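Source file input_11.cif; content: mmCIF, C-alpha atoms.
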data_run
#
loop_
_atom_site.label_atom_id
_atom_site.label_comp_id
_atom_site.auth_asym_id
_atom_site.auth_seq_id
_atom_site.Cartn_x
_atom_site.Cartn_y
_atom_site.Cartn_z
CA MET A 1 54.39 64.20 -242.25
CA SER A 2 54.81 61.31 -239.78
CA ASN A 3 52.91 60.88 -236.50
CA LEU A 4 56.01 61.86 -234.54
CA GLU A 5 56.45 65.07 -236.56
CA LYS A 6 52.78 65.95 -236.01
CA ASP A 7 53.04 65.23 -232.27
CA LEU A 8 56.15 67.42 -231.90
CA ASN A 9 54.72 70.35 -233.88
CA PRO A 10 52.99 72.69 -231.36
CA ASP A 11 50.86 74.23 -234.13
CA THR A 12 49.35 70.92 -235.25
CA PHE A 13 46.22 69.45 -233.69
CA ILE A 14 45.32 65.81 -234.23
CA GLY A 15 41.61 65.67 -233.40
CA ILE A 16 38.81 66.56 -230.99
CA SER A 17 38.88 65.67 -227.30
CA LEU A 18 35.96 64.37 -225.26
CA PRO A 19 33.67 65.47 -223.78
CA LEU A 20 32.82 68.04 -226.40
CA GLU A 21 33.37 71.45 -224.87
CA TYR A 22 34.02 74.92 -226.20
CA GLY A 23 37.76 75.33 -226.66
CA VAL A 24 40.07 78.33 -226.69
CA ASN A 25 41.31 77.61 -230.24
CA GLY A 26 37.95 76.92 -231.85
CA PHE A 27 34.62 75.34 -231.21
CA PHE A 28 35.99 72.23 -229.47
CA ASN A 29 39.01 71.34 -227.35
CA GLN A 30 41.54 69.54 -229.50
CA THR A 31 44.17 66.88 -228.92
CA ARG A 32 47.83 67.59 -229.61
CA THR A 33 49.22 64.05 -229.79
CA THR A 34 48.20 60.90 -231.59
CA LEU A 35 48.12 58.93 -228.32
CA GLN A 36 45.67 61.42 -226.78
CA GLN A 37 43.43 61.06 -229.80
CA VAL A 38 43.62 57.27 -229.72
CA SER A 39 42.47 57.33 -226.07
CA PHE A 40 39.45 59.45 -226.96
CA ASN A 41 38.71 57.28 -230.00
CA ILE A 42 38.65 54.18 -227.76
CA GLN A 43 36.23 55.84 -225.37
CA ASN A 44 34.03 57.06 -228.22
CA LEU A 45 33.91 53.58 -229.75
CA LEU A 46 33.17 51.73 -226.52
CA LEU A 47 30.55 54.16 -225.19
CA THR A 48 28.66 54.23 -228.50
CA GLN A 49 26.05 51.50 -228.79
CA LYS A 50 25.81 49.61 -232.05
CA GLY A 51 23.04 51.19 -234.12
CA GLU A 52 23.37 54.56 -232.41
CA ARG A 53 25.58 56.28 -234.99
CA LEU A 54 23.78 57.63 -238.03
CA GLY A 55 25.15 56.41 -241.35
CA ASN A 56 27.21 53.66 -239.73
CA PRO A 57 24.97 51.41 -237.62
CA ARG A 58 27.76 48.83 -237.13
CA PHE A 59 30.00 51.37 -235.34
CA GLY A 60 30.19 50.97 -231.58
CA SER A 61 30.19 48.17 -229.06
CA ASN A 62 27.75 46.08 -227.07
CA LEU A 63 29.48 47.11 -223.85
CA LEU A 64 26.56 49.03 -222.33
CA ARG A 65 24.15 46.19 -223.16
CA VAL A 66 26.42 43.78 -221.30
CA VAL A 67 26.56 46.07 -218.26
CA PHE A 68 22.77 46.21 -217.96
CA GLU A 69 22.03 42.53 -218.67
CA PRO A 70 19.95 40.93 -215.90
CA ASP A 71 22.24 37.87 -215.86
CA ASN A 72 25.59 39.04 -214.52
CA THR A 73 27.33 35.66 -214.37
CA ASP A 74 30.82 35.87 -215.80
CA ILE A 75 30.42 39.61 -216.42
CA GLN A 76 34.19 40.12 -216.67
CA ALA A 77 34.45 37.77 -219.66
CA LYS A 78 31.43 39.36 -221.39
CA VAL A 79 32.83 42.89 -220.92
CA GLU A 80 36.24 41.84 -222.21
CA GLU A 81 34.68 40.13 -225.23
CA ALA A 82 32.60 43.22 -226.09
CA ILE A 83 35.69 45.43 -225.87
CA ARG A 84 37.96 43.15 -227.89
CA THR A 85 35.32 42.63 -230.62
CA ALA A 86 34.72 46.36 -231.13
CA MET A 87 38.42 47.24 -230.96
CA SER A 88 39.47 44.57 -233.45
CA GLU A 89 36.89 45.78 -235.97
CA PHE A 90 37.36 49.54 -235.75
CA LEU A 91 40.72 50.22 -234.07
CA SER A 92 42.83 47.30 -235.24
CA PHE A 93 46.07 49.30 -234.86
CA VAL A 94 45.54 49.36 -231.08
CA ASN A 95 47.09 46.43 -229.23
CA ILE A 96 45.28 45.58 -226.00
CA VAL A 97 47.77 44.63 -223.29
CA SER A 98 45.21 43.95 -220.55
CA ILE A 99 41.62 44.61 -219.56
CA ASP A 100 40.84 44.87 -215.85
CA VAL A 101 37.16 44.67 -214.91
CA LYS A 102 36.01 45.41 -211.37
CA THR A 103 32.43 45.15 -210.20
CA ASN A 104 30.87 46.76 -207.17
CA ASP A 105 28.66 44.38 -205.20
CA LEU A 106 27.09 47.30 -203.32
CA VAL A 107 25.81 49.07 -206.44
CA ASN A 108 24.00 47.00 -209.07
CA ASN A 109 25.30 47.32 -212.61
CA MET A 110 28.33 49.41 -211.62
CA ILE A 111 31.50 48.34 -213.41
CA ASN A 112 34.95 49.92 -213.61
CA VAL A 113 37.02 49.00 -216.66
CA LYS A 114 40.71 49.76 -217.11
CA ILE A 115 42.22 49.09 -220.54
CA ASN A 116 45.98 49.08 -220.97
CA PHE A 117 47.05 49.37 -224.59
CA THR A 118 49.83 50.21 -227.01
CA VAL A 119 49.71 51.37 -230.60
CA ASP A 120 51.77 50.14 -233.53
CA PHE A 121 54.02 53.21 -233.66
CA ASP A 122 54.59 53.61 -229.88
CA GLN A 123 55.07 50.69 -227.50
CA ASN A 124 54.57 52.74 -224.31
CA ILE A 125 51.59 51.38 -222.39
CA GLN A 126 48.70 53.83 -222.16
CA THR A 127 45.59 53.51 -219.97
CA VAL A 128 41.94 54.31 -220.56
CA GLY A 129 39.47 54.04 -217.70
CA LEU A 130 35.69 53.76 -218.01
CA ASN A 131 33.16 53.85 -215.19
CA LEU A 132 29.98 52.17 -216.39
CA GLY A 133 26.65 52.03 -214.63
CA PRO A 134 23.37 53.80 -213.98
CA GLU A 135 24.93 56.80 -212.24
CA ALA A 136 28.23 56.91 -214.14
CA PRO A 137 29.30 60.38 -215.27
CA PHE A 138 29.75 59.63 -218.97
CA ASN A 139 31.03 63.15 -219.53
CA GLU A 140 34.11 62.50 -217.36
CA TYR A 141 36.93 60.49 -218.90
CA ASP A 142 40.11 59.17 -217.34
CA THR A 143 42.95 59.06 -219.84
CA SER A 144 45.86 59.05 -217.43
CA THR A 145 48.90 56.99 -218.30
CA GLU A 146 49.50 56.03 -214.68
CA GLY A 147 46.28 54.03 -214.26
CA LEU A 148 43.33 54.55 -211.99
CA ASN A 149 42.97 54.70 -208.22
CA GLU A 150 43.53 51.36 -206.53
CA ASN A 151 39.85 51.07 -205.61
CA PRO A 152 37.91 53.72 -207.53
CA LEU A 153 34.54 52.23 -206.57
CA ASP A 154 34.89 53.39 -202.96
CA GLU A 155 33.68 56.85 -203.92
CA PRO A 156 30.20 57.36 -205.40
CA LEU A 157 30.16 58.33 -209.05
CA LEU A 158 27.62 61.13 -209.09
CA PRO A 159 27.57 63.88 -211.70
CA GLY A 160 29.22 67.04 -210.38
#
Could I get this file's structure written as structure tokens?
Amino acid sequence: MSNLEKDLNPDTFIGISLPLEYGVNGFFNQTRTTLQQVSFNIQNLLLTQKGERLGNPRFGSNLLRVVFEPDNTDIQAKVEEAIRTAMSEFLSFVNIVSIDVKTNDLVNNMINVKINFTVDFDQNIQTVGLNLGPEAPFNEYDTSTEGLNENPLDEPLLPG
């Protein structure tokens, strides 16, 4: 069964969505399309620190280490490098179109990252947004395909 056939079949689920929550069709909410699952896989990979996953200490990225480094010179390049390194190793079928990194000078170590990507079987550009920092709500994910707010750092990112 191809990815398209799986995506079009309403009775087929592809994977588990994030954050992990109790779902109506089982223990966890599930994704119905391959693109939804790819978005969650990107977030899972980038928000997992290397060494954090049991049985696979190489899985993850150095993204959170970069965010909290005391030296923040050229932070955009360091964030982009951490993302591209992790993605090329673990999600090589994902083609990164662009990575937009915005910092907030008012809040130390607060970074907003927007990743535009395509996958080998679908050339439509998808967007994953990550808000990284000391008060970032890591249980809230933005997987919209229309991008993020123009200036998402205007509003404080406090857990609800």
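For the pair atom CA of A:Leu130 and atom CA of A:Ile115, the interatomic distance is 8.4 Å.
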> Can you list, as a PyMOL selection string, the residues that the PyMOL selection byres ((chain A and resi 16) around 7) selects here?
Replying inline: chain A and resi 15+17-18+28-31
Just C-alpha atoms for this one: save the residues we selected as a short mmCIF file (atom, residue, chain, number, x, y, z; two decimals), in the coordinates of the input.
data_model
loop_
_atom_site.label_atom_id
_atom_site.label_comp_id
_atom_site.auth_asym_id
_atom_site.auth_seq_id
_atom_site.Cartn_x
_atom_site.Cartn_y
_atom_site.Cartn_z
CA GLY A 15 41.61 65.67 -233.40
CA SER A 17 38.88 65.67 -227.30
CA LEU A 18 35.96 64.37 -225.26
CA PHE A 28 35.99 72.23 -229.47
CA ASN A 29 39.01 71.34 -227.35
CA GLN A 30 41.54 69.54 -229.50
CA THR A 31 44.17 66.88 -228.92
#
> Of the residues A:Asn56, A:Asn95, A:Asn112, A:Ser39, which is the one nearest to A:Ile75, using only C-alpha atoms?
Replying inline: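 Ranking A:Asn56, A:Asn95, A:Asn112, A:Ser39 by distance to A:Ile75, first place goes to A:Asn112.
Between atom CA of A:Phe90 and atom CA of A:Thr34 the interatomic distance comes to 16.2 Å.
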>> Show me the residues close to (33.1, 43.5, -235.4) - anything with an atom within 12 Å, counting only C-alpha atoms - and format the list as a VMD selection string.
In response: chain A and resid 45 50 57 to 62 81 to 92
> So which one's closest to A:Ile125, A:Val24, A:Leu35, A:Leu46, A:Leu64? Using only C-alpha atoms, please.
Replying inline: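 Closest to A:Ile125, using only C-alpha atoms: A:Leu35.
Counting from atom CA of A:Asp74, the distance to atom CA of A:Ile99 is 14.4 Å.
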> Pick the closest to A:Val79 from A:Val67, A:Arg32, A:Gly129, A:Gly55: which is it, counting only C-alpha atoms?
Replying inline: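 Closest to A:Val79, using only C-alpha atoms: A:Val67.
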>> Evaluated on this file, the PyMOL selection byres ((chain A and resi 124) around 12) picks out some residues - which ones are they, written as a ChimeraX atom specification?
In response: /A:35,94-97,116-123,125-127,145-146
>> Can you pull out the residues contacting A:Gln76? Cut-off 9 Å, using all atoms listed in the file, and skip same-chain residues under 6 positions away; I want them as number ranges by chain.
In response: A: 100-103
Restricted to C-alpha atoms, what would the selected residues look like written as a PDB file, in the frame of the given file?
ATOM      1  CA  ASP A 100      40.840  44.870-215.850  1.00  0.00           C
ATOM      2  CA  VAL A 101      37.160  44.670-214.910  1.00  0.00           C
ATOM      3  CA  LYS A 102      36.010  45.410-211.370  1.00  0.00           C
ATOM      4  CA  THR A 103      32.430  45.150-210.200  1.00  0.00           C
TER       5      THR A 103
END
